[in-house]
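For reference, the structure discussed in these notes is given below.
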Amino acid sequence: MTLHDLARELNLSIATISRALSRPDDVAPLTRQRVLAAVHRHRYSPNGTKRSLRTQQTRTIGVVVSDIRNSFFAAVVKAIEDEARANGYTVLICNADEDSAKEEAALQLLLDRKVSGVITCPTGANLALLRTFQKSGAALVDFDRESGLNNVDTVIVDNRRGAELATQHLIDLGHREIATVAGPQHLSNARGRLAGYEDTLRKNDIGVNRAHIQYGDFLQESGFQAAQKLHSLRHPPTALFVANMEMAAGVIAFVRDRGLAIPQEVSIVSFDDPLWARYMDPPLTVVSQPMETMGKRTMELLLGRLRGGKAAQTLVFSPELIIRKSTGPPVGRRSSSVQFSSVPQPERLTPKKLPG
């Protein structure tokens with residue numbers, strides 16, 4: 001199967017097929033899906049790659065991160081690259097931008113490059129493509145999220161436990177109206193964090209208020225929108241647990257836009273601990289993950305597979321609650337119309353859209 005054969009079969013130009021594989025955003029989604037389906041069906045690989053890579057062992061590791069702007073992944077990728085370099089491997093980094101189509105395009109690129117192994121933070125890409133990687137002989141490691149593949153090494157944090165720590169901390173401070181900004185539920189880490197939040201409320205005889213559960217996509221704008229919805233409730237929460245730091249940034253932007261005081265009017269806890277969290281005013285209470293250690297161990301698992309290891313391992317790391325100044329006990333209700341409290345809100349303010 002050549003590029004010309006694909007073009008004839010799909011009745012598309014060679015240029016369109018090339019864009020679908022290398023720049024998927026430049027191609028209509030339906031066209032992109034047709035091209036990827038044909039590529040998977042025929043196991044197409046560019047001739048140039050076949051000529052230049054004559055062995056399966058390229059000593060190159062592919063890393064597909066869900067959002068390169070997230071400082072959590074920046075720290076992890078640095079640890080992965082340091083370990084890879086120390087063992088004679090180079091790293092090729094791809095950004096999925098929390099988009100399964102972009103993830104598929106990145107995986108196809110890495111498959112064409114015949115990388116020795118792939119570390120992926122799944123966003124929901126087609127499992128058939130990941131299985132193609134396994135069949136090609138490349139080592140595969142799931143990081144941060146579980147893809148659902150069998151016999152694959154996995155490195156994750158105990159997401160449920162992290163959410164339990166955050167929610168229990170807010171309960172111990174005296175909060176009972178506690179909301180969460182949850183991640184997309186097709187992702188394993190988002191499901192674990194939501195389950196930990198709900199379980200902790202029930203263990204403390206606090207009912208789960210479905211209006212207090214807002215879903216985002218792990219990106220900043222969705223955090224802003226979720227906070228806006230919670231703020232508009234007749235009985236808004238006094239405390240928030242946010243499932244990742246990008247969404248927390250959106251929540252904080254909304255809170256500041258409304259002139260709310262943290263933690264006097266709303267307490268906030270977030271998953272992840274970027275450098276800026278400890279230097280914002282007030283410093284943010286967080287659930288921290290051992291990012292560098294997780295990155296190093298991920299690369300070690302991959303190297304073990306490349307050296308002949310056969311038994312798949314799942315490493316689960318323990319999170320840590322770091323208490324700073326963004327959480328405190330709920331205070332007396334105020335009459336202001338711009339606060340998270342049980343006072344009905346007489347007016348909804350028009351939100352400002354986040355830049356970028």
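Following the order of the structure tokens, first chain is A, next is B, and so on, with residues numbered from 1 inside each chain and ligands from 1 in the order they appear.
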I need the residues in segment 119-342 of chain A that are helix (DSSP H, G or I) according to DSSP; give them as a PyMOL selection string.
chain A and resi 127-136+159-172+188-203+210-212+220-231+245-257+275-278+291-306
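Proximity to Val91 of chain A was assessed for A:Asp199, A:Gly223, A:Met299, A:Thr132 counting only C-alpha atoms; the smallest distance is recorded for A:Met299.
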Set the distance at 9 Å and use only C-alpha atoms: which residues neighbour Ser116 of chain A once local chain neighbours fewer than 2 positions away are removed? I'd like the list as a PDB file with N, CA and C atoms, in the first residue's frame.
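Listing of selection_6.pdb after writing:
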```
ATOM      1  N   GLN A  56      14.075  -2.336  13.685  1.00  0.00           N
ATOM      2  CA  GLN A  56      13.023  -1.946  14.612  1.00  0.00           C
ATOM      3  C   GLN A  56      13.571  -1.141  15.783  1.00  0.00           C
ATOM      4  N   GLN A  57      14.863  -1.300  16.100  1.00  0.00           N
ATOM      5  CA  GLN A  57      15.435  -0.642  17.270  1.00  0.00           C
ATOM      6  C   GLN A  57      16.006   0.710  16.869  1.00  0.00           C
ATOM      7  N   THR A  58      15.242   1.787  17.096  1.00  0.00           N
ATOM      8  CA  THR A  58      15.675   3.137  16.721  1.00  0.00           C
ATOM      9  C   THR A  58      16.271   3.897  17.893  1.00  0.00           C
ATOM     10  N   ARG A  59      16.191   3.336  19.092  1.00  0.00           N
ATOM     11  CA  ARG A  59      16.650   4.001  20.314  1.00  0.00           C
ATOM     12  C   ARG A  59      16.007   5.374  20.467  1.00  0.00           C
ATOM     13  N   THR A  60      14.759   5.456  20.054  1.00  0.00           N
ATOM     14  CA  THR A  60      13.949   6.663  20.228  1.00  0.00           C
ATOM     15  C   THR A  60      12.679   6.291  20.994  1.00  0.00           C
ATOM     16  N   ILE A  61      12.342   7.105  21.987  1.00  0.00           N
ATOM     17  CA  ILE A  61      11.136   6.896  22.791  1.00  0.00           C
ATOM     18  C   ILE A  61      10.134   7.998  22.464  1.00  0.00           C
ATOM     19  N   GLY A  62       8.915   7.606  22.175  1.00  0.00           N
ATOM     20  CA  GLY A  62       7.849   8.581  21.958  1.00  0.00           C
ATOM     21  C   GLY A  62       7.085   8.838  23.246  1.00  0.00           C
ATOM     22  N   LYS A 114       8.815   4.216  13.826  1.00  0.00           N
ATOM     23  CA  LYS A 114       9.301   2.959  14.399  1.00  0.00           C
ATOM     24  C   LYS A 114      10.065   3.191  15.709  1.00  0.00           C
ATOM     25  N   VAL A 118       6.719   3.666  23.592  1.00  0.00           N
ATOM     26  CA  VAL A 118       5.833   4.826  23.709  1.00  0.00           C
ATOM     27  C   VAL A 118       5.315   4.940  25.131  1.00  0.00           C
ATOM     28  N   GLY A 137       5.824  -4.632  18.263  1.00  0.00           N
ATOM     29  CA  GLY A 137       6.975  -4.956  19.089  1.00  0.00           C
ATOM     30  C   GLY A 137       7.461  -3.803  19.938  1.00  0.00           C
ATOM     31  N   ALA A 138       6.852  -2.625  19.781  1.00  0.00           N
ATOM     32  CA  ALA A 138       7.249  -1.472  20.586  1.00  0.00           C
ATOM     33  C   ALA A 138       6.732  -1.629  22.014  1.00  0.00           C
ATOM     34  N   ALA A 139       7.533  -1.212  22.979  1.00  0.00           N
ATOM     35  CA  ALA A 139       7.097  -1.234  24.383  1.00  0.00           C
ATOM     36  C   ALA A 139       6.107  -0.099  24.609  1.00  0.00           C
ATOM     37  N   LEU A 306      12.013  -3.147  27.208  1.00  0.00           N
ATOM     38  CA  LEU A 306      12.912  -3.201  26.055  1.00  0.00           C
ATOM     39  C   LEU A 306      14.041  -4.209  26.275  1.00  0.00           C
TER      40      LEU A 306
END
```
Residues of segment 131-289 of chain A in strand (DSSP E) according to DSSP, as an mmCIF file with N, CA and C atoms, in the first residue's frame?
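Output saved as part.cif:
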```
data_model
loop_
_atom_site.group_PDB
_atom_site.id
_atom_site.type_symbol
_atom_site.label_atom_id
_atom_site.label_comp_id
_atom_site.auth_asym_id
_atom_site.auth_seq_id
_atom_site.Cartn_x
_atom_site.Cartn_y
_atom_site.Cartn_z
ATOM 1 N N ALA A 139 7.533 -1.212 22.979
ATOM 2 C CA ALA A 139 7.097 -1.234 24.383
ATOM 3 C C ALA A 139 6.107 -0.099 24.609
ATOM 4 N N LEU A 140 5.148 -0.324 25.496
ATOM 5 C CA LEU A 140 4.093 0.658 25.734
ATOM 6 C C LEU A 140 3.868 0.805 27.231
ATOM 7 N N VAL A 141 3.808 2.058 27.706
ATOM 8 C CA VAL A 141 3.530 2.337 29.114
ATOM 9 C C VAL A 141 2.440 3.389 29.210
ATOM 10 N N ASP A 142 1.396 3.109 29.981
ATOM 11 C CA ASP A 142 0.369 4.101 30.295
ATOM 12 C C ASP A 142 0.853 4.948 31.457
ATOM 13 N N PHE A 143 0.715 6.262 31.323
ATOM 14 C CA PHE A 143 1.099 7.151 32.417
ATOM 15 C C PHE A 143 -0.071 8.041 32.803
ATOM 16 N N ASP A 153 2.320 -1.894 31.008
ATOM 17 C CA ASP A 153 2.819 -1.262 32.231
ATOM 18 C C ASP A 153 2.090 0.053 32.460
ATOM 19 N N THR A 154 1.853 0.369 33.736
ATOM 20 C CA THR A 154 1.061 1.549 34.077
ATOM 21 C C THR A 154 1.668 2.245 35.285
ATOM 22 N N VAL A 155 1.728 3.581 35.221
ATOM 23 C CA VAL A 155 2.201 4.391 36.345
ATOM 24 C C VAL A 155 1.133 5.442 36.636
ATOM 25 N N ILE A 156 0.563 5.378 37.831
ATOM 26 C CA ILE A 156 -0.505 6.308 38.192
ATOM 27 C C ILE A 156 -0.342 6.723 39.649
ATOM 28 N N VAL A 157 -1.099 7.738 40.035
ATOM 29 C CA VAL A 157 -1.210 8.109 41.439
ATOM 30 C C VAL A 157 -2.534 7.558 41.948
ATOM 31 N N ILE A 178 -19.822 21.518 49.869
ATOM 32 C CA ILE A 178 -18.554 21.346 49.163
ATOM 33 C C ILE A 178 -18.841 20.885 47.739
ATOM 34 N N ALA A 179 -18.362 21.631 46.768
ATOM 35 C CA ALA A 179 -18.562 21.282 45.354
ATOM 36 C C ALA A 179 -17.262 20.765 44.758
ATOM 37 N N THR A 180 -17.377 20.156 43.591
ATOM 38 C CA THR A 180 -16.186 19.719 42.872
ATOM 39 C C THR A 180 -16.294 20.114 41.407
ATOM 40 N N VAL A 181 -15.158 20.457 40.825
ATOM 41 C CA VAL A 181 -15.055 20.607 39.371
ATOM 42 C C VAL A 181 -14.321 19.353 38.905
ATOM 43 N N ALA A 182 -15.080 18.405 38.357
ATOM 44 C CA ALA A 182 -14.553 17.092 37.997
ATOM 45 C C ALA A 182 -14.057 17.093 36.558
ATOM 46 N N ILE A 213 -21.730 19.174 41.494
ATOM 47 C CA ILE A 213 -20.750 18.471 40.668
ATOM 48 C C ILE A 213 -20.809 19.053 39.260
ATOM 49 N N GLN A 214 -19.755 19.757 38.880
ATOM 50 C CA GLN A 214 -19.644 20.321 37.533
ATOM 51 C C GLN A 214 -18.489 19.641 36.807
ATOM 52 N N TYR A 215 -18.683 19.370 35.524
ATOM 53 C CA TYR A 215 -17.687 18.631 34.758
ATOM 54 C C TYR A 215 -16.946 19.551 33.798
ATOM 55 N N ALA A 239 -16.982 25.793 49.551
ATOM 56 C CA ALA A 239 -15.649 25.246 49.295
ATOM 57 C C ALA A 239 -15.668 24.452 47.997
ATOM 58 N N LEU A 240 -14.509 24.420 47.320
ATOM 59 C CA LEU A 240 -14.389 23.737 46.034
ATOM 60 C C LEU A 240 -13.179 22.806 46.033
ATOM 61 N N PHE A 241 -13.392 21.596 45.517
ATOM 62 C CA PHE A 241 -12.286 20.688 45.208
ATOM 63 C C PHE A 241 -12.217 20.596 43.687
ATOM 64 N N VAL A 242 -11.078 21.002 43.116
ATOM 65 C CA VAL A 242 -10.916 21.052 41.661
ATOM 66 C C VAL A 242 -9.977 19.926 41.234
ATOM 67 N N SER A 267 -13.260 28.507 49.947
ATOM 68 C CA SER A 267 -12.021 27.747 50.085
ATOM 69 C C SER A 267 -11.807 26.918 48.824
ATOM 70 N N ILE A 268 -10.542 26.766 48.408
ATOM 71 C CA ILE A 268 -10.224 26.033 47.176
ATOM 72 C C ILE A 268 -9.075 25.063 47.434
ATOM 73 N N VAL A 269 -9.278 23.811 47.018
ATOM 74 C CA VAL A 269 -8.220 22.798 46.997
ATOM 75 C C VAL A 269 -8.132 22.271 45.577
ATOM 76 N N SER A 270 -6.919 22.077 45.068
ATOM 77 C CA SER A 270 -6.748 21.549 43.720
ATOM 78 C C SER A 270 -5.831 20.338 43.717
ATOM 79 N N PHE A 271 -6.027 19.478 42.734
ATOM 80 C CA PHE A 271 -5.103 18.385 42.463
ATOM 81 C C PHE A 271 -3.934 18.952 41.657
ATOM 82 N N THR A 285 -3.804 25.498 48.596
ATOM 83 C CA THR A 285 -3.795 24.153 49.169
ATOM 84 C C THR A 285 -3.965 23.151 48.034
ATOM 85 N N VAL A 286 -3.123 22.108 48.025
ATOM 86 C CA VAL A 286 -3.101 21.200 46.879
ATOM 87 C C VAL A 286 -2.960 19.745 47.317
ATOM 88 N N VAL A 287 -3.302 18.856 46.383
ATOM 89 C CA VAL A 287 -2.949 17.442 46.474
ATOM 90 C C VAL A 287 -1.782 17.246 45.522
ATOM 91 N N SER A 288 -0.626 16.935 46.088
ATOM 92 C CA SER A 288 0.606 16.870 45.302
ATOM 93 C C SER A 288 0.922 15.437 44.877
#
```
So which residues touch Arg145 of chain A within 6 Å, counting only C-alpha atoms, skipping near sequence neighbours fewer than 2 positions away, as a short mmCIF file (atom, residue, chain, number, x, y, z; two decimals) with N, CA and C atoms, in the first residue's frame?
```cif
data_model
loop_
_atom_site.label_atom_id
_atom_site.label_comp_id
_atom_site.auth_asym_id
_atom_site.auth_seq_id
_atom_site.Cartn_x
_atom_site.Cartn_y
_atom_site.Cartn_z
N CYS A 121 -0.18 9.29 27.79
CA CYS A 121 -1.20 9.69 28.77
C CYS A 121 -2.52 9.71 28.00
N PHE A 143 0.72 6.26 31.32
CA PHE A 143 1.10 7.15 32.42
C PHE A 143 -0.07 8.04 32.80
N SER A 188 -9.72 7.62 33.36
CA SER A 188 -9.67 6.88 34.62
C SER A 188 -9.32 7.76 35.80
N ASN A 189 -8.40 8.72 35.64
CA ASN A 189 -8.02 9.56 36.78
C ASN A 189 -9.17 10.47 37.20
#
```
Would you mind telling me which residue in A:Asp281, A:Met245, A:Leu315, A:Thr293 lies nearest to Phe72 of chain A when using only C-alpha atoms?
A:Met245
With distances taken over only C-alpha atoms, which residue among A:Asn151, A:Leu12, A:Glu83, A:Ala37 lies nearest Ala312 of chain A?
A:Asn151
Selected residue of minimal separation from Leu129 of chain A among A:Val39, A:Thr90, A:Ala28, A:Glu81, counting only C-alpha atoms:
A:Val39
Under the rule that only C-alpha atoms are counted, which of A:Val152, A:Leu21, A:Leu6, A:Leu109 is the nearest residue to Thr298 of chain A?
A:Val152
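In this structure, atom CA of Ala261 of chain A sits 9.5 Å away from atom CA of Ser326 of chain A.
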